$ cat data-v1.pdb   # PDB, C-alpha atoms
ATOM      1  CA  MET A   2      14.528 -55.333  37.360
ATOM      2  CA  ALA A   3      10.800 -56.076  36.991
ATOM      3  CA  GLN A   4      10.116 -53.861  40.029
ATOM      4  CA  PHE A   5      12.119 -51.025  38.384
ATOM      5  CA  ARG A   6      10.143 -51.303  35.082
ATOM      6  CA  LYS A   7       6.839 -51.297  36.968
ATOM      7  CA  SER A   8       7.919 -48.197  38.911
ATOM      8  CA  VAL A   9       9.031 -46.382  35.736
ATOM      9  CA  SER A  10       5.794 -47.352  33.978
ATOM     10  CA  VAL A  11       3.637 -46.031  36.844
ATOM     11  CA  SER A  12       5.727 -42.853  37.042
ATOM     12  CA  SER A  13       5.437 -42.321  33.271
ATOM     13  CA  THR A  14       1.677 -42.825  33.372
ATOM     14  CA  PHE A  15       1.334 -40.390  36.290
ATOM     15  CA  ALA A  16       3.514 -37.797  34.509
ATOM     16  CA  ALA A  17       1.469 -38.090  31.304
ATOM     17  CA  VAL A  18      -1.842 -37.725  33.168
ATOM     18  CA  PHE A  19      -0.480 -34.738  35.130
ATOM     19  CA  PHE A  20       0.876 -33.088  31.950
ATOM     20  CA  PHE A  21      -2.370 -33.453  29.985
ATOM     21  CA  SER A  22      -4.472 -32.327  32.945
ATOM     22  CA  THR A  23      -2.273 -29.265  33.417
ATOM     23  CA  ALA A  24      -2.235 -28.549  29.679
ATOM     24  CA  THR A  25      -6.030 -28.624  29.654
ATOM     25  CA  LEU A  26      -6.172 -26.135  32.527
ATOM     26  CA  VAL A  27      -3.591 -23.860  30.902
ATOM     27  CA  SER A  28      -5.074 -23.990  27.394
ATOM     28  CA  ALA A  29      -6.780 -20.836  26.203
ATOM     29  CA  GLN A  30     -10.474 -20.580  26.798
ATOM     30  CA  ALA A  31     -12.574 -19.117  24.000
ATOM     31  CA  ASP A  32     -14.055 -15.675  24.611
ATOM     32  CA  GLN A  33     -17.657 -15.386  23.507
ATOM     33  CA  ILE A  34     -18.612 -12.769  20.921
ATOM     34  CA  ASP A  35     -22.084 -11.227  21.062
ATOM     35  CA  VAL A  36     -22.126  -7.655  19.765
ATOM     36  CA  ARG A  37     -24.282  -5.385  17.662
ATOM     37  CA  ALA A  38     -23.009  -2.737  15.271
ATOM     38  CA  ALA A  39     -24.486   0.349  13.794
ATOM     39  CA  SER A  40     -23.127   0.766  10.313
ATOM     40  CA  PHE A  41     -23.140   3.504   7.766
ATOM     41  CA  ALA A  42     -22.559   2.950   4.040
ATOM     42  CA  GLN A  43     -20.760   6.051   2.876
ATOM     43  CA  THR A  44     -18.966   4.528  -0.079
ATOM     44  CA  ALA A  45     -19.715   6.419  -3.277
ATOM     45  CA  GLN A  46     -22.151   4.755  -5.647
ATOM     46  CA  LEU A  47     -20.749   3.059  -8.704
ATOM     47  CA  ALA A  48     -22.250   4.359 -11.935
ATOM     48  CA  THR A  49     -22.894   0.903 -13.394
ATOM     49  CA  PHE A  50     -24.512  -0.333 -10.168
ATOM     50  CA  GLY A  51     -27.134   2.399 -10.135
ATOM     51  CA  LEU A  52     -28.805   3.319  -6.891
ATOM     52  CA  TYR A  53     -28.165   1.605  -3.557
ATOM     53  CA  ASN A  54     -25.318  -0.701  -4.590
ATOM     54  CA  ASN A  55     -27.633  -3.104  -6.391
ATOM     55  CA  ALA A  56     -27.331  -4.023 -10.055
ATOM     56  CA  VAL A  57     -30.308  -5.855 -11.516
ATOM     57  CA  ILE A  58     -28.981  -7.674 -14.570
ATOM     58  CA  THR A  59     -32.088  -9.809 -15.189
ATOM     59  CA  ASP A  60     -35.052 -10.862 -13.080
ATOM     60  CA  LYS A  61     -32.962 -13.898 -12.042
ATOM     61  CA  LEU A  62     -29.520 -12.272 -11.724
ATOM     62  CA  ASN A  63     -28.718  -9.553  -9.225
ATOM     63  CA  LEU A  64     -25.353  -8.167  -8.055
ATOM     64  CA  LYS A  65     -25.023  -6.581  -4.613
ATOM     65  CA  ARG A  66     -22.185  -4.457  -3.318
ATOM     66  CA  ILE A  67     -21.729  -4.743   0.453
ATOM     67  CA  ASN A  68     -19.736  -1.857   1.939
ATOM     68  CA  ALA A  69     -20.036  -0.158   5.298
ATOM     69  CA  ASP A  70     -18.219   1.328   8.277
ATOM     70  CA  TYR A  71     -18.914  -0.302  11.646
ATOM     71  CA  VAL A  72     -18.748   0.347  15.394
ATOM     72  CA  PHE A  73     -19.528  -2.763  17.498
ATOM     73  CA  MET A  74     -21.023  -2.580  20.992
ATOM     74  CA  GLY A  75     -22.124  -5.331  23.349
ATOM     75  CA  ALA A  76     -23.586  -5.871  26.789
ATOM     76  CA  ASN A  77     -20.286  -7.321  28.081
ATOM     77  CA  PRO A  78     -17.377  -4.829  28.340
ATOM     78  CA  GLU A  79     -14.958  -7.822  28.242
ATOM     79  CA  ASP A  80     -16.244  -8.963  24.824
ATOM     80  CA  PRO A  81     -13.218  -8.884  22.449
ATOM     81  CA  PHE A  82     -15.351  -7.079  19.847
ATOM     82  CA  GLU A  83     -16.563  -4.392  22.286
ATOM     83  CA  LEU A  84     -15.852  -1.004  20.636
ATOM     84  CA  VAL A  85     -14.230  -2.625  17.584
ATOM     85  CA  SER A  86     -14.528  -0.331  14.573
ATOM     86  CA  GLY A  87     -13.559  -0.365  10.925
ATOM     87  CA  SER A  88     -14.708  -0.951   7.383
ATOM     88  CA  CYS A  89     -15.986  -3.968   5.482
ATOM     89  CA  PHE A  90     -16.356  -4.466   1.767
ATOM     90  CA  GLY A  91     -17.472  -7.253  -0.480
ATOM     91  CA  GLY A  92     -20.100  -8.400  -2.894
ATOM     92  CA  ALA A  93     -22.691 -11.020  -3.596
ATOM     93  CA  VAL A  94     -24.389 -12.574  -6.585
ATOM     94  CA  VAL A  95     -28.044 -13.546  -6.361
ATOM     95  CA  LYS A  96     -28.768 -15.964  -9.195
ATOM     96  CA  ASN A  97     -31.960 -18.007  -9.470
ATOM     97  CA  ALA A  98     -32.843 -17.063  -5.864
ATOM     98  CA  LYS A  99     -29.522 -18.427  -4.495
ATOM     99  CA  ILE A 100     -26.857 -16.182  -2.991
ATOM    100  CA  GLN A 101     -23.087 -16.497  -3.092
ATOM    101  CA  GLY A 102     -20.481 -13.986  -1.991
ATOM    102  CA  GLY A 103     -18.411 -12.488   0.755
ATOM    103  CA  GLY A 104     -15.728 -10.004   1.603
ATOM    104  CA  VAL A 105     -13.269  -8.751   4.199
ATOM    105  CA  CYS A 106     -13.160  -6.259   7.058
ATOM    106  CA  SER A 107     -10.277  -4.099   8.265
ATOM    107  CA  LEU A 108     -10.896  -3.515  11.989
ATOM    108  CA  LYS A 109      -9.269  -2.086  15.128
ATOM    109  CA  ASP A 110     -10.079  -3.052  18.693
ATOM    110  CA  LYS A 111     -10.578  -0.549  21.531
ATOM    111  CA  THR A 112      -6.815  -0.421  22.155
ATOM    112  CA  GLY A 113      -6.096   0.332  18.490
ATOM    113  CA  ALA A 114      -4.728  -3.118  17.575
ATOM    114  CA  PRO A 115      -5.561  -3.854  13.908
ATOM    115  CA  PHE A 116      -6.960  -7.151  12.681
ATOM    116  CA  ALA A 117      -8.945  -8.522   9.757
ATOM    117  CA  ILE A 118     -11.861 -10.870   9.347
ATOM    118  CA  SER A 119     -13.418 -12.474   6.300
ATOM    119  CA  PHE A 120     -17.122 -13.001   5.839
ATOM    120  CA  GLU A 121     -19.307 -15.148   3.630
ATOM    121  CA  VAL A 122     -22.871 -14.355   2.659
ATOM    122  CA  SER A 123     -25.047 -17.450   2.721
ATOM    123  CA  GLN A 124     -28.581 -16.093   2.887
ATOM    124  CA  ILE A 125     -30.584 -13.023   1.948
ATOM    125  CA  GLU A 126     -34.217 -12.466   2.850
ATOM    126  CA  GLY A 127     -35.689  -9.079   2.121
ATOM    127  CA  ARG A 128     -33.431  -6.547   3.829
ATOM    128  CA  THR A 129     -31.532  -9.116   5.916
ATOM    129  CA  TYR A 130     -28.203 -10.626   4.850
ATOM    130  CA  SER A 131     -26.555 -13.351   6.930
ATOM    131  CA  GLY A 132     -23.625 -15.725   6.910
ATOM    132  CA  THR A 133     -20.400 -16.661   8.654
ATOM    133  CA  TRP A 134     -17.185 -14.840   9.591
ATOM    134  CA  ALA A 135     -13.635 -15.876  10.559
ATOM    135  CA  ILE A 136     -10.551 -14.077  11.845
ATOM    136  CA  LEU A 137      -7.813 -13.763   9.210
ATOM    137  CA  GLY A 138      -5.065 -12.339  11.467
ATOM    138  CA  GLY A 139      -3.728  -9.127  12.911
ATOM    139  CA  SER A 140      -1.162  -7.639  15.230
ATOM    140  CA  GLU A 141      -0.657  -7.659  18.978
ATOM    141  CA  LYS A 142      -3.159 -10.072  20.600
ATOM    142  CA  TRP A 143      -4.834 -10.673  17.219
ATOM    143  CA  ALA A 144      -1.606 -12.140  15.745
ATOM    144  CA  THR A 145      -2.399 -15.571  17.202
ATOM    145  CA  ALA A 146      -6.175 -15.213  17.490
ATOM    146  CA  LYS A 147      -8.442 -17.868  16.074
ATOM    147  CA  GLY A 148     -12.162 -17.352  15.881
ATOM    148  CA  SER A 149     -15.328 -17.555  13.859
ATOM    149  CA  GLY A 150     -19.060 -17.290  14.084
ATOM    150  CA  THR A 151     -22.205 -16.016  12.436
ATOM    151  CA  TRP A 152     -23.453 -12.568  11.469
ATOM    152  CA  SER A 153     -26.636 -10.981  10.207
ATOM    153  CA  ARG A 154     -27.172  -7.494   8.813
ATOM    154  CA  TYR A 155     -30.516  -5.744   8.578
ATOM    155  CA  GLN A 156     -30.619  -2.903   6.042
ATOM    156  CA  LEU A 157     -32.747  -0.003   7.297
ATOM    157  CA  PRO A 158     -35.197   1.625   4.851
ATOM    158  CA  ASN A 159     -33.004   4.710   4.250
ATOM    159  CA  LYS A 160     -30.445   2.467   2.437
ATOM    160  CA  ASP A 161     -27.395   4.034   4.157
ATOM    161  CA  LEU A 162     -27.834   2.644   7.676
ATOM    162  CA  SER A 163     -27.914  -0.942   8.852
ATOM    163  CA  VAL A 164     -27.704  -2.938  12.076
ATOM    164  CA  THR A 165     -25.400  -5.948  12.243
ATOM    165  CA  ASP A 166     -25.298  -8.708  14.874
ATOM    166  CA  LEU A 167     -22.068 -10.683  15.253
ATOM    167  CA  LYS A 168     -21.858 -13.866  17.342
ATOM    168  CA  GLY A 169     -19.172 -16.493  17.814
ATOM    169  CA  GLU A 170     -15.990 -17.014  19.753
ATOM    170  CA  VAL A 171     -12.312 -16.132  19.650
ATOM    171  CA  THR A 172      -9.284 -17.706  21.317
ATOM    172  CA  PHE A 173      -6.104 -15.695  21.902
TER     173      PHE A 173
END
$ encode --input "data-v1.pdb" --output "structure tokens"
Amino acid sequence: MAQFRKSVSVSSTFAAVFFFSTATLVSAQADQIDVRAASFAQTAQLATFGLYNNAVITDKLNLKRINADYVFMGANPEDPFELVSGSCFGGAVVKNAKIQGGGVCSLKDKTGAPFAISFEVSQIEGRTYSGTWAILGGSEKWATAKGSGTWSRYQLPNKDLSVTDLKGEVTF
């Protein structure tokens, strides 16, 4: 009986090691995101925001509207965000030189599958906004996708165009 228990114990240990090793090999590997987008802000101005989606309430309180249409392109044609396009909208409050805000984006990948991401604004310096993003969900391959990363957006002097860099990873 002791020999039988020892054999079962060794077999169970081997099966557990084999299962976890196989599960590790089968588990999804994260795809890296490293894309740049040209964006165009074509959203109509709001009367109370004045020019360029910026409302200066006081010298220490500023409201910013963040809206734009995007087309992402990267150096790697296998990047999940390669040729992703769509629109993002949100807002930020700059109070006593500290920023807080965020928004959402409605996007489609190069096959037309829709998905959404959220973004948070954590820093603003001059014409550059930056923060983090995360996948909210979507359809087709995006239904089970999990991913996040960082972004930065540089506003060009003409106020309608900007360049956005998006980095991170996504697992399908």
$ resolve_selection --input "data-v1.pdb" --expression "the PyMOL selection byres ((chain A and resi 34) around 9)" --output "ChimeraX atom specification"
/A:32-33,35-36,75,80-83,150,167-171
$ resolve_selection --input "data-v1.pdb" --expression "the PyMOL selection byres ((chain A and resi 72) around 10)" --output "ChimeraX atom specification"
/A:36-41,70-71,73-74,82-88,108-110,165
$ closest_residue --input "data-v1.pdb" --among "A:Tyr130, A:Gln124, A:Val94, A:Ala114" --to "A:Leu157" --atoms "all atoms listed in the file"
A:Tyr130
$ atom_distance --input "data-v1.pdb" --atom1 "atom CA of A:Trp152" --atom2 "atom CA of A:Trp134"
6.9 Å
$ atom_distance --input "data-v1.pdb" --atom1 "atom CA of A:Asn63" --atom2 "atom CA of A:Gly127"
13.3 Å
$ atom_distance --input "data-v1.pdb" --atom1 "atom CA of A:Thr145" --atom2 "atom CA of A:Ser119"
15.8 Å
$ residues_around --input "data-v1.pdb" --residues "stretch 138-143 of chain A" --least-positions-apart "4" --cutoff "8 Å" --atoms "all atoms listed in the file" --output "list of chain:residue names"
A:Ala114, A:Pro115, A:Phe116, A:Ala117, A:Ile118, A:Lys147, A:Phe173
$ axis_aligned_box --input "data-v1.pdb" --around "stretch 69-83 of chain A" --padding-each-side "5 Å" --output "lines of an AutoDock Vina configuration file"
center_x = -18.4
center_y = -3.8
center_z = 16.8
size_x = 20.4
size_y = 20.3
size_z = 33.0
